[in-house]
$ cat start_33.cif   # mmCIF, C-alpha atoms
data_query
#
loop_
_atom_site.label_atom_id
_atom_site.label_comp_id
_atom_site.auth_asym_id
_atom_site.auth_seq_id
_atom_site.Cartn_x
_atom_site.Cartn_y
_atom_site.Cartn_z
CA MET V 1 16.18 47.69 19.26
CA SER V 2 14.77 45.61 22.12
CA THR V 3 11.23 46.20 20.82
CA ALA V 4 12.21 44.97 17.36
CA ARG V 5 13.86 41.89 18.85
CA THR V 6 10.78 41.21 20.96
CA ARG V 7 8.53 41.43 17.91
CA LEU V 8 10.86 39.21 15.90
CA ALA V 9 10.93 36.65 18.70
CA GLY V 10 7.15 36.76 18.83
CA VAL V 11 6.87 36.12 15.09
CA THR V 12 9.46 33.33 14.98
CA GLY V 13 7.98 31.78 18.09
CA HIS V 14 4.53 31.41 16.55
CA ARG V 15 3.63 27.78 15.95
CA LEU V 16 2.86 28.42 12.26
CA PHE V 17 6.04 30.37 11.46
CA TRP V 18 8.42 27.49 10.72
CA PRO V 19 5.85 25.30 8.92
CA LEU V 20 5.02 28.26 6.67
CA VAL V 21 8.72 28.90 6.10
CA VAL V 22 9.21 25.27 5.04
CA LEU V 23 6.18 25.46 2.74
CA VAL V 24 7.54 28.63 1.11
CA VAL V 25 10.97 27.00 0.68
CA LEU V 26 9.40 23.98 -1.02
CA LEU V 27 7.40 26.20 -3.35
CA ALA V 28 10.51 28.26 -4.13
CA ALA V 29 12.53 25.11 -4.88
CA ASN V 30 9.84 23.94 -7.30
CA THR V 31 9.79 27.35 -8.95
CA VAL V 32 13.55 27.25 -9.46
CA TYR V 33 13.32 23.77 -10.94
CA ARG V 34 10.29 24.64 -13.06
CA PRO V 35 9.70 28.39 -13.60
CA SER V 36 6.07 27.87 -14.64
CA PHE V 37 5.26 26.22 -11.31
CA LEU V 38 3.48 29.25 -9.83
CA SER V 39 1.46 30.08 -12.93
CA VAL V 40 -2.31 29.73 -12.63
CA GLU V 41 -4.59 30.14 -15.64
CA LEU V 42 -8.28 30.13 -16.34
CA LYS V 43 -9.50 27.72 -19.03
CA ASN V 44 -13.15 27.16 -19.85
CA GLY V 45 -14.12 28.77 -16.57
CA HIS V 46 -11.84 26.48 -14.52
CA LEU V 47 -8.62 27.30 -12.70
CA TYR V 48 -5.60 25.19 -13.64
CA GLY V 49 -2.02 25.13 -12.42
CA SER V 50 0.43 23.30 -10.19
CA LEU V 51 -0.66 25.24 -7.11
CA VAL V 52 -4.29 24.39 -7.76
CA ASP V 53 -3.38 20.73 -8.24
CA ILE V 54 -1.47 20.65 -4.93
CA VAL V 55 -4.43 22.04 -3.01
CA ARG V 56 -6.85 19.71 -4.82
CA LEU V 57 -4.74 16.62 -4.19
CA SER V 58 -4.22 17.61 -0.55
CA ALA V 59 -7.99 17.85 0.07
CA PRO V 60 -8.39 14.17 1.10
CA LEU V 61 -5.40 14.44 3.45
CA ILE V 62 -6.77 17.65 4.95
CA LEU V 63 -10.07 15.93 5.70
CA VAL V 64 -8.41 12.91 7.31
CA ALA V 65 -6.02 15.16 9.26
CA LEU V 66 -8.87 17.28 10.61
CA GLY V 67 -10.52 14.22 12.14
CA MET V 68 -7.13 13.00 13.35
CA SER V 69 -6.53 16.34 15.09
CA LEU V 70 -9.64 15.92 17.22
CA VAL V 71 -8.72 12.33 18.09
CA ILE V 72 -5.16 13.26 19.03
CA ALA V 73 -6.46 16.19 21.07
CA THR V 74 -8.20 13.68 23.34
CA GLY V 75 -4.94 11.80 23.78
CA GLY V 76 -5.84 9.05 21.31
CA ILE V 77 -4.84 7.98 17.82
CA ASP V 78 -6.76 6.58 14.85
CA LEU V 79 -4.84 4.17 12.64
CA SER V 80 -7.95 2.97 10.83
CA VAL V 81 -8.74 6.04 8.72
CA GLY V 82 -7.07 4.61 5.61
CA SER V 83 -9.08 1.39 5.86
CA VAL V 84 -12.29 3.33 6.48
CA ALA V 85 -11.62 5.38 3.35
CA ALA V 86 -11.05 2.18 1.38
CA VAL V 87 -14.23 0.53 2.67
CA CYS V 88 -16.43 3.55 1.98
CA GLY V 89 -14.97 4.14 -1.47
CA ALA V 90 -15.44 0.47 -2.34
CA ILE V 91 -19.06 0.40 -1.15
CA ALA V 92 -19.94 3.55 -3.09
CA CYS V 93 -18.29 2.32 -6.29
CA LEU V 94 -19.83 -1.15 -5.96
CA TYR V 95 -23.33 0.28 -5.60
CA ILE V 96 -22.86 2.63 -8.56
CA SER V 97 -21.42 -0.13 -10.75
CA GLU V 98 -24.55 -2.23 -10.24
CA GLN V 99 -26.89 0.54 -11.42
CA PRO V 100 -28.27 0.48 -14.98
CA ASP V 101 -27.60 4.23 -15.26
CA GLN V 102 -24.41 5.15 -13.44
CA ASN V 103 -24.95 8.84 -14.21
CA ASN V 104 -28.18 8.92 -12.24
CA LEU V 105 -27.69 11.52 -9.50
CA GLY V 106 -30.12 9.80 -7.13
CA ALA V 107 -28.19 6.53 -7.37
CA VAL V 108 -24.89 8.32 -6.68
CA LEU V 109 -26.33 10.12 -3.65
CA THR V 110 -27.74 6.84 -2.37
CA ALA V 111 -24.34 5.16 -2.78
CA VAL V 112 -22.62 7.99 -0.90
CA ALA V 113 -25.25 7.91 1.86
CA ILE V 114 -24.92 4.13 2.35
CA ALA V 115 -21.13 4.32 2.47
CA PHE V 116 -21.26 7.28 4.84
CA GLY V 117 -23.58 5.35 7.13
CA VAL V 118 -21.11 2.47 7.18
CA ALA V 119 -18.36 4.95 8.12
CA LEU V 120 -20.40 6.13 11.09
CA VAL V 121 -20.80 2.53 12.22
CA LEU V 122 -17.06 1.91 11.90
CA GLY V 123 -16.31 5.09 13.82
CA ALA V 124 -18.76 4.04 16.51
CA TRP V 125 -16.97 0.68 16.71
CA ASN V 126 -13.69 2.45 17.42
CA GLY V 127 -15.41 4.71 19.93
CA ILE V 128 -16.93 1.77 21.79
CA LEU V 129 -13.60 -0.05 21.98
CA VAL V 130 -11.75 3.04 23.25
CA ALA V 131 -14.34 4.89 25.34
CA GLY V 132 -16.63 2.04 26.31
CA ILE V 133 -14.36 -0.94 26.87
CA GLY V 134 -11.18 1.01 27.59
CA ILE V 135 -8.84 -0.55 25.03
CA GLN V 136 -5.77 1.50 24.18
CA PRO V 137 -6.55 3.65 21.10
CA ILE V 138 -3.56 2.42 19.12
CA ILE V 139 -4.67 -1.20 19.62
CA ALA V 140 -8.38 -0.55 19.10
CA THR V 141 -7.87 1.29 15.83
CA LEU V 142 -5.17 -1.13 14.70
CA ILE V 143 -7.85 -3.84 14.78
CA LEU V 144 -10.01 -1.92 12.31
CA MET V 145 -6.95 -0.93 10.28
CA VAL V 146 -6.29 -4.60 9.53
CA ALA V 147 -9.88 -5.85 9.45
CA GLY V 148 -11.12 -2.85 7.46
CA ARG V 149 -8.62 -3.47 4.69
CA GLY V 150 -9.85 -7.07 4.50
CA LEU V 151 -13.46 -5.84 4.47
CA ALA V 152 -12.65 -3.56 1.54
CA GLN V 153 -11.19 -6.55 -0.29
CA LEU V 154 -14.37 -8.53 0.41
CA VAL V 155 -16.55 -5.72 -0.94
CA THR V 156 -14.55 -5.56 -4.15
CA SER V 157 -14.02 -9.36 -4.32
CA GLY V 158 -10.31 -8.66 -4.61
CA GLN V 159 -10.84 -6.85 -7.92
CA ILE V 160 -10.63 -3.23 -9.01
CA ILE V 161 -14.16 -1.88 -9.45
CA THR V 162 -14.31 0.56 -12.35
CA ILE V 163 -17.21 2.96 -12.81
CA ASN V 164 -18.22 5.56 -15.37
CA SER V 165 -20.27 8.04 -13.38
CA GLU V 166 -19.92 11.75 -14.05
CA PRO V 167 -21.75 12.85 -10.86
CA TYR V 168 -19.47 10.71 -8.71
CA LYS V 169 -16.40 11.79 -10.65
CA THR V 170 -17.29 15.39 -9.83
CA ILE V 171 -16.37 14.75 -6.19
CA GLY V 172 -12.74 14.26 -7.12
CA VAL V 173 -12.07 16.17 -10.34
CA GLY V 174 -15.16 18.32 -10.89
CA HIS V 175 -15.29 22.12 -10.68
CA LEU V 176 -17.62 24.63 -9.06
CA LEU V 177 -17.21 28.41 -9.29
CA THR V 178 -13.89 27.94 -11.17
CA LEU V 179 -12.44 25.94 -8.24
CA PRO V 180 -12.02 22.15 -8.05
CA PHE V 181 -14.99 20.68 -6.20
CA ALA V 182 -12.66 18.76 -3.85
CA ILE V 183 -11.24 22.06 -2.57
CA ILE V 184 -14.73 23.40 -1.89
CA ILE V 185 -15.63 20.23 0.03
CA ALA V 186 -12.45 20.50 2.10
CA LEU V 187 -13.14 24.18 2.82
CA ALA V 188 -16.72 23.43 3.83
CA VAL V 189 -15.73 20.62 6.20
CA THR V 190 -12.93 22.75 7.66
CA LEU V 191 -15.35 25.61 8.24
CA VAL V 192 -17.87 23.34 9.96
CA VAL V 193 -15.23 21.77 12.22
CA ALA V 194 -13.72 25.18 13.03
CA VAL V 195 -17.10 26.68 13.93
CA LEU V 196 -18.08 23.73 16.11
CA THR V 197 -14.76 23.57 17.95
CA ARG V 198 -13.76 27.24 18.15
CA ARG V 199 -17.09 29.06 18.30
CA THR V 200 -18.65 26.72 20.84
CA ALA V 201 -17.45 25.05 24.01
CA LEU V 202 -16.89 21.76 22.19
CA GLY V 203 -13.25 22.48 21.36
CA MET V 204 -12.46 23.43 24.95
CA ILE V 205 -14.18 20.28 26.20
CA ILE V 206 -12.19 18.10 23.77
CA GLU V 207 -8.95 19.70 24.97
CA ALA V 208 -10.01 19.26 28.59
CA VAL V 209 -10.61 15.56 28.03
CA GLY V 210 -7.21 15.23 26.39
CA GLY V 211 -5.54 17.14 29.20
CA ASN V 212 -7.04 15.09 32.01
CA ALA V 213 -10.02 12.86 31.31
CA GLU V 214 -10.62 12.01 34.97
CA ALA V 215 -10.53 15.64 36.09
CA SER V 216 -12.90 16.52 33.26
CA ARG V 217 -15.28 13.80 34.37
CA LEU V 218 -15.23 15.08 37.94
CA ALA V 219 -15.93 18.58 36.61
CA GLY V 220 -19.10 17.32 34.94
CA VAL V 221 -17.80 16.63 31.42
CA ARG V 222 -18.92 13.33 29.91
CA SER V 223 -15.46 12.29 28.82
CA ARG V 224 -16.49 8.97 27.31
CA ARG V 225 -19.11 10.58 25.11
CA ILE V 226 -16.61 13.12 23.83
CA THR V 227 -14.06 10.39 23.12
CA PHE V 228 -16.74 8.35 21.34
CA LEU V 229 -17.75 11.40 19.30
CA VAL V 230 -14.26 12.25 17.98
CA TYR V 231 -13.76 8.73 16.62
CA VAL V 232 -17.09 8.95 14.79
CA VAL V 233 -16.11 12.34 13.35
CA SER V 234 -12.71 10.95 12.31
CA ALA V 235 -14.38 8.08 10.44
CA ALA V 236 -16.82 10.48 8.76
CA CYS V 237 -13.94 12.65 7.51
CA ALA V 238 -12.14 9.53 6.27
CA ALA V 239 -15.26 8.47 4.37
CA VAL V 240 -15.44 11.77 2.46
CA ALA V 241 -11.72 11.45 1.72
CA GLY V 242 -12.37 7.93 0.40
CA PHE V 243 -15.01 9.28 -1.97
CA MET V 244 -12.48 11.80 -3.31
CA MET V 245 -9.74 9.20 -3.74
CA THR V 246 -11.94 6.80 -5.68
CA ALA V 247 -13.61 9.58 -7.67
CA ASN V 248 -10.18 10.81 -8.81
CA VAL V 249 -9.57 7.57 -10.71
CA SER V 250 -13.22 6.44 -11.17
CA SER V 251 -12.38 3.11 -9.56
CA ALA V 252 -12.00 1.42 -6.18
CA ASP V 253 -9.05 -0.78 -5.22
CA GLY V 254 -9.54 -2.14 -1.72
CA ASN V 255 -5.82 -2.73 -1.33
CA ALA V 256 -4.60 0.70 -2.48
CA VAL V 257 -7.18 3.34 -1.57
CA GLY V 258 -6.07 5.30 1.48
CA LEU V 259 -2.95 3.19 1.95
CA TRP V 260 -0.75 4.80 4.66
CA VAL V 261 -2.85 7.98 4.66
CA GLU V 262 -3.12 7.61 8.43
CA LEU V 263 0.63 8.14 8.75
CA ASP V 264 0.56 11.25 6.55
CA ALA V 265 -2.36 12.56 8.62
CA ILE V 266 -0.46 12.06 11.87
CA LEU V 267 2.57 13.82 10.38
CA ALA V 268 0.38 16.71 9.22
CA VAL V 269 -1.07 17.09 12.71
CA VAL V 270 2.37 16.99 14.35
CA ILE V 271 3.88 19.43 11.85
CA GLY V 272 0.97 21.76 12.58
CA GLY V 273 1.97 21.98 16.23
CA THR V 274 -0.49 19.59 17.88
CA SER V 275 1.10 17.46 20.59
CA LEU V 276 0.58 13.70 20.48
CA ALA V 277 0.11 13.86 24.26
CA GLY V 278 -3.25 15.54 23.71
CA GLY V 279 -4.79 18.55 25.39
CA ARG V 280 -4.44 21.06 22.52
CA PHE V 281 -5.09 21.06 18.79
CA TYR V 282 -4.56 23.58 15.99
CA LEU V 283 -6.69 23.19 12.88
CA SER V 284 -4.83 25.87 10.93
CA GLY V 285 -1.52 24.16 11.65
CA THR V 286 -2.96 20.82 10.54
CA ILE V 287 -3.97 22.29 7.19
CA VAL V 288 -0.50 23.79 6.68
CA GLY V 289 1.04 20.43 7.59
CA ALA V 290 -1.13 18.66 5.01
CA LEU V 291 -0.12 21.19 2.35
CA ILE V 292 3.55 20.65 3.21
CA ILE V 293 3.25 16.89 2.82
CA GLN V 294 1.39 17.14 -0.49
CA THR V 295 3.83 19.77 -1.81
CA LEU V 296 6.70 17.51 -0.81
CA THR V 297 5.08 14.55 -2.59
CA THR V 298 4.51 16.63 -5.71
CA SER V 299 8.10 17.89 -5.60
CA VAL V 300 9.44 14.35 -5.38
CA TYR V 301 7.53 13.28 -8.48
CA ALA V 302 8.21 16.49 -10.42
CA MET V 303 11.96 16.31 -9.81
CA ASN V 304 12.11 12.67 -10.95
CA ILE V 305 13.54 11.45 -7.67
CA ASP V 306 14.02 7.69 -7.61
CA PRO V 307 10.88 6.07 -6.09
CA GLN V 308 13.09 3.91 -3.85
CA THR V 309 14.56 7.03 -2.25
CA ALA V 310 11.43 9.19 -2.37
CA LEU V 311 10.15 7.99 1.01
CA LEU V 312 13.57 8.52 2.58
CA PHE V 313 13.72 12.04 1.16
CA LYS V 314 10.25 12.70 2.51
CA ALA V 315 11.20 11.38 5.95
CA VAL V 316 14.31 13.58 6.11
CA VAL V 317 12.31 16.71 5.30
CA VAL V 318 9.59 15.87 7.84
CA ILE V 319 12.20 15.24 10.55
CA ALA V 320 13.83 18.57 9.75
CA VAL V 321 10.49 20.37 9.99
CA CYS V 322 9.69 18.78 13.35
CA LEU V 323 13.14 19.59 14.76
CA ILE V 324 13.03 23.20 13.58
CA GLN V 325 9.59 23.60 15.08
CA ALA V 326 10.45 22.00 18.44
CA PRO V 327 11.07 24.72 21.09
CA ALA V 328 13.46 22.48 23.05
CA PHE V 329 15.63 21.87 19.99
CA ARG V 330 15.73 25.57 19.10
CA ALA V 331 16.61 26.51 22.68
CA ARG V 332 19.43 23.97 22.78
CA PHE V 333 20.69 25.17 19.39
CA ARG V 334 20.72 28.78 20.58
CA ARG V 335 22.59 27.87 23.78
CA ARG V 336 25.20 25.95 21.81
CA HIS V 337 25.87 28.86 19.47
CA ALA V 338 25.53 31.66 22.03
CA PRO V 339 28.75 33.68 22.54
CA THR V 340 30.53 32.76 25.74
CA ALA V 341 31.44 35.53 28.16
CA ALA V 342 35.13 36.41 28.47
CA PRO V 343 36.75 35.34 31.75
CA ALA V 344 36.96 38.11 34.35
CA THR V 345 40.35 39.77 34.87
CA PRO V 346 41.96 39.86 38.35
CA VAL V 347 41.05 43.56 38.64
CA GLU V 348 37.38 42.87 37.86
CA LYS V 349 37.30 40.01 40.36
CA GLN V 350 38.75 42.33 43.02
CA LYS V 351 36.07 44.95 42.26
CA GLU V 352 33.33 42.32 42.62
CA GLN V 353 34.66 41.41 46.10
CA VAL V 354 34.67 45.05 47.34
CA PRO V 355 31.39 45.72 49.23
CA ALA V 356 29.23 48.53 47.90
#
$ encode --input "start_33.cif" --output "structure tokens"
Amino acid sequence: MSTARTRLAGVTGHRLFWPLVVLVVLLAANTVYRPSFLSVELKNGHLYGSLVDIVRLSAPLILVALGMSLVIATGGIDLSVGSVAAVCGAIACLYISEQPDQNNLGAVLTAVAIAFGVALVLGAWNGILVAGIGIQPIIATLILMVAGRGLAQLVTSGQIITINSEPYKTIGVGHLLTLPFAIIIALAVTLVVAVLTRRTALGMIIEAVGGNAEASRLAGVRSRRITFLVYVVSAACAAVAGFMMTANVSSADGNAVGLWVELDAILAVVIGGTSLAGGRFYLSGTIVGALIIQTLTTSVYAMNIDPQTALLFKAVVVIAVCLIQAPAFRARFRRRHAPTAAPATPVEKQKEQVPA
């Protein structure tokens, strides 16, 4: 019996247990509301279904959350990822819209390359402010969050840029090997980040910097370079997410693309078990957190919940997930509901006082 309890405690104590339970509950609730929710079918060599749509739509958030995980692991935060996504999507769409043949693959690749280069510059700007000058990460990235949104508006001249490019559209809604191309991109980026951070010493170094940057520096780790690097990586992930967002609708709106995605990314990271204090990060948990948020968003729209109360409903669910996952809250809950021992009888007290 004790062995079974130990195993059960080990399973329930795993950082992914409660997030996965919440994800399963959300999927079950959608299935009850709409029995065909779990059905997946193959049409014209492409997979279709609500589950496929959830994973496809969560791909941009997964990318942003992966970069956010590395930033948070160093003890920082990046509030500018939404603006970076908007800027990069706007630049790519603007370049494509000016081409005589918008379906030219070379022109699309050039547009993506230019926008990606701009993302690296923006990430380097954040890295210089945080690692070089020493500005608090929340302030440094807040600067680009505001200025970047204005830059996106300048690129688009305050208008919505509409394009008609099949190669660019493939990034968001295309298919490859029966799967949506966005899912394949997200898997590829996740694999690269996982290999670099878990199969090399880079992940341990990032966690060391987040745990104690000064101690890491004294141990020979170039803490500032690592901090600079994670902000560049975060901006690069946001750029790819921006391509997906604009490709989904074949247009770029500097005021709407990536709006508040930084908050969803932070929530995904926290739900996945990564502490905002830095020092540790869990990529698998981040992906599960992103899937939870997208499933919740899909559920809100599918169940026709009033848009004015949708955000409140989303906030309540996220708070519940975080509380259930918090070890301190679970320990306090168990203590409150633990059976209290019966008071000792006079005879038992007398036996306790008798020396052995």
$ closest_residue --input "start_33.cif" --among "V:His175, V:Arg280, V:Arg222, V:Arg149" --to "Tyr48 of chain V" --atoms "only C-alpha atoms"
V:His175
$ closest_residue --input "start_33.cif" --among "V:Leu16, V:Leu26, V:Ile135, V:Ala213" --to "Lys314 of chain V" --atoms "all atoms listed in the file"
V:Leu26
$ residues_around --input "start_33.cif" --residues "Pro180 of chain V" --least-positions-apart "2" --cutoff "9 Å" --atoms "all atoms listed in the file" --output "ChimeraX atom specification"
/V:46-47,52-53,56,170-178,182-184
$ residues_around --input "start_33.cif" --residues "segment 115-125 of chain V" --least-positions-apart "3" --cutoff "10 Å" --atoms "all atoms listed in the file" --output "PyMOL selection string"
chain V and resi 78+80-81+84-85+87-93+95+109-112+128-132+140-141+144+148+228-240+242-243
$ atom_distance --input "start_33.cif" --atom1 "atom CA of Ile161 of chain V" --atom2 "atom CA of Ser58 of chain V"
23.6 Å
$ atom_distance --input "start_33.cif" --atom1 "atom CA of Leu79 of chain V" --atom2 "atom CA of Arg198 of chain V"
25.3 Å
$ residues_around --input "start_33.cif" --residues "segment 282-287 of chain V" --least-positions-apart "3" --cutoff "7 Å" --atoms "all atoms listed in the file" --output "ChimeraX atom specification"
/V:16,62,65-66,268-269,272-274,290-291
$ write_last_selection --input "start_33.cif" --atoms "C-alpha atoms" --output "PDB file, keeping the file's coordinate frame"
ATOM      1  CA  LEU V  16       2.860  28.420  12.260  1.00  0.00           C
ATOM      2  CA  ILE V  62      -6.770  17.650   4.950  1.00  0.00           C
ATOM      3  CA  ALA V  65      -6.020  15.160   9.260  1.00  0.00           C
ATOM      4  CA  LEU V  66      -8.870  17.280  10.610  1.00  0.00           C
ATOM      5  CA  ALA V 268       0.380  16.710   9.220  1.00  0.00           C
ATOM      6  CA  VAL V 269      -1.070  17.090  12.710  1.00  0.00           C
ATOM      7  CA  GLY V 272       0.970  21.760  12.580  1.00  0.00           C
ATOM      8  CA  GLY V 273       1.970  21.980  16.230  1.00  0.00           C
ATOM      9  CA  THR V 274      -0.490  19.590  17.880  1.00  0.00           C
ATOM     10  CA  ALA V 290      -1.130  18.660   5.010  1.00  0.00           C
ATOM     11  CA  LEU V 291      -0.120  21.190   2.350  1.00  0.00           C
TER      12      LEU V 291
END
$ atom_distance --input "start_33.cif" --atom1 "atom CA of Thr246 of chain V" --atom2 "atom CA of Pro167 of chain V"
12.6 Å
$ closest_residue --input "start_33.cif" --among "V:Phe37, V:Trp260, V:Tyr168, V:Phe281" --to "Arg15 of chain V" --atoms "all atoms listed in the file"
V:Phe281
$ residues_around --input "start_33.cif" --residues "segment 292-294 of chain V" --least-positions-apart "5" --cutoff "9 Å" --atoms "all atoms listed in the file" --output "PyMOL selection string"
chain V and resi 19-20+22-23+26+54-55+57-58+61+264+267-268+271+287+299+314+318
$ residues_near_point --input "start_33.cif" --point "(8.2, 16.9, -2.6)" --cutoff "10 Å" --atoms "only C-alpha atoms" --output "ChimeraX atom specification"
/V:26-27,29-30,292-303,305,310-311,313-314,317
$ resolve_selection --input "start_33.cif" --expression "the PyMOL selection byres ((chain V and resi 211) around 9)" --output "PyMOL selection string"
chain V and resi 73-75+206-210+212-213+215-216+277-280
$ residues_around --input "start_33.cif" --residues "Gly76 of chain V" --least-positions-apart "6" --cutoff "8 Å" --atoms "all atoms listed in the file" --output "number ranges by chain"
V: 137-138, 276, 278
$ build_atoms --input "start_33.cif" --residues "segment 143-151 of chain V" --atoms "all heavy atoms" --output "compact mmCIF listing (two decimals), in the coordinates of the input"
# COMPACT_ATOMS: atom_id res chain seq x y z
N ILE V 143 -6.95 -2.74 15.12
CA ILE V 143 -7.85 -3.84 14.78
C ILE V 143 -8.64 -3.51 13.51
O ILE V 143 -8.72 -4.31 12.57
CB ILE V 143 -8.80 -4.13 15.96
CG1 ILE V 143 -8.02 -4.63 17.16
CG2 ILE V 143 -9.88 -5.13 15.54
CD1 ILE V 143 -8.86 -4.77 18.42
N LEU V 144 -9.23 -2.31 13.48
CA LEU V 144 -10.01 -1.92 12.31
C LEU V 144 -9.11 -1.62 11.11
O LEU V 144 -9.52 -1.80 9.96
CB LEU V 144 -10.89 -0.70 12.63
CG LEU V 144 -11.84 -0.25 11.52
CD1 LEU V 144 -12.76 -1.40 11.11
CD2 LEU V 144 -12.66 0.95 11.99
N MET V 145 -7.89 -1.18 11.38
CA MET V 145 -6.95 -0.93 10.28
C MET V 145 -6.71 -2.21 9.49
O MET V 145 -6.68 -2.19 8.24
CB MET V 145 -5.64 -0.39 10.84
CG MET V 145 -4.55 -0.19 9.81
SD MET V 145 -2.98 0.30 10.57
CE MET V 145 -1.92 0.40 9.12
N VAL V 146 -6.54 -3.32 10.19
CA VAL V 146 -6.29 -4.60 9.53
C VAL V 146 -7.60 -5.20 9.00
O VAL V 146 -7.69 -5.59 7.82
CB VAL V 146 -5.60 -5.57 10.50
CG1 VAL V 146 -5.40 -6.92 9.84
CG2 VAL V 146 -4.26 -5.00 10.96
N ALA V 147 -8.61 -5.24 9.86
CA ALA V 147 -9.88 -5.85 9.45
C ALA V 147 -10.58 -5.03 8.37
O ALA V 147 -11.21 -5.59 7.47
CB ALA V 147 -10.79 -6.00 10.67
N GLY V 148 -10.47 -3.71 8.45
CA GLY V 148 -11.12 -2.85 7.46
C GLY V 148 -10.54 -3.04 6.08
O GLY V 148 -11.27 -3.04 5.07
N ARG V 149 -9.24 -3.24 6.00
CA ARG V 149 -8.62 -3.47 4.69
C ARG V 149 -9.12 -4.80 4.11
O ARG V 149 -9.37 -4.90 2.90
CB ARG V 149 -7.10 -3.48 4.84
CG ARG V 149 -6.33 -3.45 3.56
CD ARG V 149 -6.54 -2.19 2.77
NE ARG V 149 -6.09 -0.98 3.43
CZ ARG V 149 -6.13 0.23 2.88
NH1 ARG V 149 -6.63 0.39 1.66
NH2 ARG V 149 -5.71 1.30 3.54
N GLY V 150 -9.29 -5.80 4.97
CA GLY V 150 -9.85 -7.07 4.50
C GLY V 150 -11.30 -6.92 4.09
O GLY V 150 -11.75 -7.53 3.11
N LEU V 151 -12.06 -6.08 4.83
CA LEU V 151 -13.46 -5.84 4.47
C LEU V 151 -13.56 -5.15 3.11
O LEU V 151 -14.45 -5.48 2.31
CB LEU V 151 -14.11 -4.97 5.55
CG LEU V 151 -15.58 -4.60 5.33
CD1 LEU V 151 -16.44 -5.85 5.22
CD2 LEU V 151 -16.07 -3.69 6.46
